[in-house]
Amino acid sequence: MYDNIRLDRSLYNITGKSFTQALAELDPDEGYKDTELRGLDAFERQLKRFDIKVSGAESDRVEKFFVTAQSAVLFPEYVRRMIKKGLEKVSIADAVCGAVSRTDDIAYRSFRIINMEEQVVEQGTELPETYVYLQDHSWDLKKCARLLKISYEAVRKHRLEAFGIILRDLGANVGRRLNQYICTKLIDGVTPSETAGDSITYADLAKFWSDMSEYDMDVMVCTPAVMAQILALPEMKFCVSDYMKNGRIQTPYGVTLIKCSQMTENKILGVDSTAAAELVLGSDVVVDQDKLINTQMSEISCSILAGIAKVSEGAVKVLNVGN
């Protein structure tokens, strides 16, 4: 059972396994299907074992993790999860990438798709062809990272609910750097179209959408300033309520608009999210667990190793707003 497992820092150092995966091998989820602990993963069961409440007004203080040597082992995973929540909240990767791949290498060589001219096929004639090539060269994965300078003495008496805000903000900063990298890579090499005037009109948006003739543009990414211009258009007045429901807005013709302050100024990135890009992860969110298990920590470092590859050139378009 979960309350008889011996916790030590070696669970963080098993090749190919996260801390929770290593823990789950010792304490499989299947054993809790018909119990009050169903729905909790192996890490969450350990929090319950040591009676550590990480959220709510009555959440425990940071120092609760360090009551015993075994409970201290849980602290890095708590930190990692909070940071990851912050990263995922701001990341646009889920909206623009059609696939996520993982690699153990620091470099990656993706593929690209080229469709030859399509036509109706008559009996006995050759079929139109689609070519899949490896990219001409491999590219290095990029590290998005952040270092938080903080001491244990400064936070030990604070509630975990409040400490979680700090950690999620740390993760959000890493997520914004990842957004910047994604936008830069997808825009690179794309010849942009132009709006008719100095400001964007609904007709400009509709034309931009229709210019992606072979694919179905379902996402547009733009800066807050450009988003404000779009939301001010009379045609969008019935769509703003969508933002109140899920934080994202759809045009009347179904394209999701995403605000991203890391997007290049005065540009809109349009993608078919099912075909445009592949996100390649060389790691999940990583924290320095050895320093965090030691209660005399002076900093928290976190990072993610990732890359982005364009798969279908025609599934990415760029619009310049203003001349």
# chains A, B, ... in the order shown; residues from 1 in each chain; ligands from 1

$ residues_around --residues "Val174 of chain A" --least-positions-apart "6" --cutoff "7 Å" --atoms "only C-alpha atoms" --output "VMD selection string"
chain A and resid 87 144 to 146

$ atom_distance --atom1 "atom CA of Leu233 of chain A" --atom2 "atom CA of Ala277 of chain A"
29.8 Å

$ closest_atom_pairs --of "segment 20-117 of chain A" --to "segment 291-308 of chain A" --cutoff "9 Å" --atoms "only C-alpha atoms" --output "CSV"
residue,atom,partner,partner_atom,distance
A:Glu63,CA,A:Thr295,CA,8.7
A:Phe66,CA,A:Thr295,CA,7.2
A:Ala69,CA,A:Ile293,CA,8.6
A:Ala72,CA,A:Ile293,CA,5.6
A:Val73,CA,A:Ile293,CA,5.9
A:Leu74,CA,A:Ile293,CA,8.1
A:Phe75,CA,A:Ile293,CA,6.6
A:Pro76,CA,A:Leu292,CA,5.8
A:Val79,CA,A:Leu292,CA,8.7
A:Arg80,CA,A:Cys302,CA,7.9
A:Ile83,CA,A:Cys302,CA,7.9
A:Cys97,CA,A:Ile308,CA,8.5
A:Arg102,CA,A:Ala306,CA,8.9
A:Ile106,CA,A:Leu305,CA,8.2
A:Ala107,CA,A:Gly307,CA,8.8
A:Tyr108,CA,A:Gly307,CA,8.1

$ write_last_selection --atoms "N, CA and C atoms" --output "CSV table (one decimal), in the first residue's frame"
chain,number,residue,atom,x,y,z
A,63,GLU,N,6.9,24.4,5.0
A,63,GLU,CA,7.7,23.6,5.9
A,63,GLU,C,7.1,22.2,6.2
A,66,PHE,N,8.9,19.2,5.0
A,66,PHE,CA,10.2,18.9,5.6
A,66,PHE,C,10.1,18.4,7.0
A,69,ALA,N,12.3,13.1,6.5
A,69,ALA,CA,13.2,13.0,5.4
A,69,ALA,C,12.4,12.4,4.2
A,72,ALA,N,10.1,15.1,2.6
A,72,ALA,CA,10.9,16.1,1.8
A,72,ALA,C,11.2,15.6,0.4
A,73,VAL,N,11.2,14.3,0.2
A,73,VAL,CA,11.4,13.8,-1.2
A,73,VAL,C,10.3,14.2,-2.1
A,74,LEU,N,9.1,14.5,-1.6
A,74,LEU,CA,7.9,14.9,-2.4
A,74,LEU,C,8.0,16.3,-2.9
A,75,PHE,N,8.8,17.2,-2.2
A,75,PHE,CA,8.8,18.6,-2.5
A,75,PHE,C,9.2,18.9,-4.0
A,76,PRO,N,10.2,18.4,-4.5
A,76,PRO,CA,10.6,18.7,-5.9
A,76,PRO,C,9.4,18.4,-6.9
A,79,VAL,N,6.9,21.1,-6.6
A,79,VAL,CA,7.4,22.3,-7.3
A,79,VAL,C,7.2,22.1,-8.8
A,80,ARG,N,7.6,21.0,-9.4
A,80,ARG,CA,7.6,20.7,-10.8
A,80,ARG,C,6.2,20.8,-11.3
A,83,ILE,N,4.9,24.5,-11.4
A,83,ILE,CA,5.6,25.2,-12.6
A,83,ILE,C,5.0,24.7,-13.9
A,97,CYS,N,0.0,23.1,-32.7
A,97,CYS,CA,0.8,21.9,-33.0
A,97,CYS,C,-0.1,20.7,-33.2
A,102,ARG,N,8.6,13.0,-28.6
A,102,ARG,CA,9.6,13.1,-27.6
A,102,ARG,C,10.9,12.4,-28.1
A,106,ILE,N,19.5,15.7,-28.3
A,106,ILE,CA,19.5,17.1,-28.2
A,106,ILE,C,19.3,17.8,-29.5
A,107,ALA,N,19.2,16.9,-30.6
A,107,ALA,CA,19.0,17.4,-31.9
A,107,ALA,C,17.9,16.6,-32.5
A,108,TYR,N,17.2,17.1,-33.6
A,108,TYR,CA,16.1,16.4,-34.1
A,108,TYR,C,16.0,16.7,-35.6

$ select_by_dssp --residues "segment 15-132 of chain A" --states "strand (DSSP E)" --output "VMD selection string"
chain A and resid 99 to 102 107 to 108 111 to 115 130 to 132

$ write_last_selection --atoms "N, CA and C atoms" --output "PDB file, in the first residue's frame"
ATOM      1  N   ALA A  99       0.977  17.609 -33.554  1.00  0.00           N
ATOM      2  CA  ALA A  99       1.583  16.403 -32.985  1.00  0.00           C
ATOM      3  C   ALA A  99       2.623  16.802 -31.956  1.00  0.00           C
ATOM      4  N   VAL A 100       2.813  15.930 -30.983  1.00  0.00           N
ATOM      5  CA  VAL A 100       3.868  16.095 -29.979  1.00  0.00           C
ATOM      6  C   VAL A 100       4.727  14.840 -30.004  1.00  0.00           C
ATOM      7  N   SER A 101       6.037  15.020 -30.175  1.00  0.00           N
ATOM      8  CA  SER A 101       6.976  13.896 -30.181  1.00  0.00           C
ATOM      9  C   SER A 101       7.985  14.083 -29.064  1.00  0.00           C
ATOM     10  N   ARG A 102       8.577  12.992 -28.645  1.00  0.00           N
ATOM     11  CA  ARG A 102       9.611  13.052 -27.608  1.00  0.00           C
ATOM     12  C   ARG A 102      10.888  12.405 -28.140  1.00  0.00           C
ATOM     13  N   ALA A 107      19.229  16.942 -30.581  1.00  0.00           N
ATOM     14  CA  ALA A 107      18.963  17.425 -31.935  1.00  0.00           C
ATOM     15  C   ALA A 107      17.857  16.578 -32.538  1.00  0.00           C
ATOM     16  N   TYR A 108      17.208  17.121 -33.566  1.00  0.00           N
ATOM     17  CA  TYR A 108      16.056  16.428 -34.142  1.00  0.00           C
ATOM     18  C   TYR A 108      15.981  16.727 -35.625  1.00  0.00           C
ATOM     19  N   PHE A 111      10.310  15.844 -40.647  1.00  0.00           N
ATOM     20  CA  PHE A 111       9.972  15.603 -42.048  1.00  0.00           C
ATOM     21  C   PHE A 111       9.062  16.709 -42.545  1.00  0.00           C
ATOM     22  N   ARG A 112       8.916  16.810 -43.853  1.00  0.00           N
ATOM     23  CA  ARG A 112       7.994  17.769 -44.454  1.00  0.00           C
ATOM     24  C   ARG A 112       7.205  17.081 -45.549  1.00  0.00           C
ATOM     25  N   ILE A 113       6.033  17.610 -45.807  1.00  0.00           N
ATOM     26  CA  ILE A 113       5.110  17.021 -46.773  1.00  0.00           C
ATOM     27  C   ILE A 113       4.985  17.941 -47.975  1.00  0.00           C
ATOM     28  N   ILE A 114       5.077  17.381 -49.173  1.00  0.00           N
ATOM     29  CA  ILE A 114       4.869  18.137 -50.411  1.00  0.00           C
ATOM     30  C   ILE A 114       3.825  17.401 -51.238  1.00  0.00           C
ATOM     31  N   ASN A 115       2.725  18.080 -51.517  1.00  0.00           N
ATOM     32  CA  ASN A 115       1.664  17.500 -52.354  1.00  0.00           C
ATOM     33  C   ASN A 115       1.806  18.011 -53.779  1.00  0.00           C
ATOM     34  N   THR A 130       2.107  12.407 -53.311  1.00  0.00           N
ATOM     35  CA  THR A 130       2.508  13.163 -52.134  1.00  0.00           C
ATOM     36  C   THR A 130       3.876  12.668 -51.708  1.00  0.00           C
ATOM     37  N   TYR A 131       4.801  13.607 -51.517  1.00  0.00           N
ATOM     38  CA  TYR A 131       6.150  13.256 -51.123  1.00  0.00           C
ATOM     39  C   TYR A 131       6.385  13.635 -49.657  1.00  0.00           C
ATOM     40  N   VAL A 132       7.033  12.760 -48.944  1.00  0.00           N
ATOM     41  CA  VAL A 132       7.446  13.035 -47.576  1.00  0.00           C
ATOM     42  C   VAL A 132       8.966  12.945 -47.526  1.00  0.00           C
TER      43      VAL A 132
END

$ atom_distance --atom1 "atom CA of Ser10 of chain A" --atom2 "atom CA of Lys84 of chain A"
21.7 Å
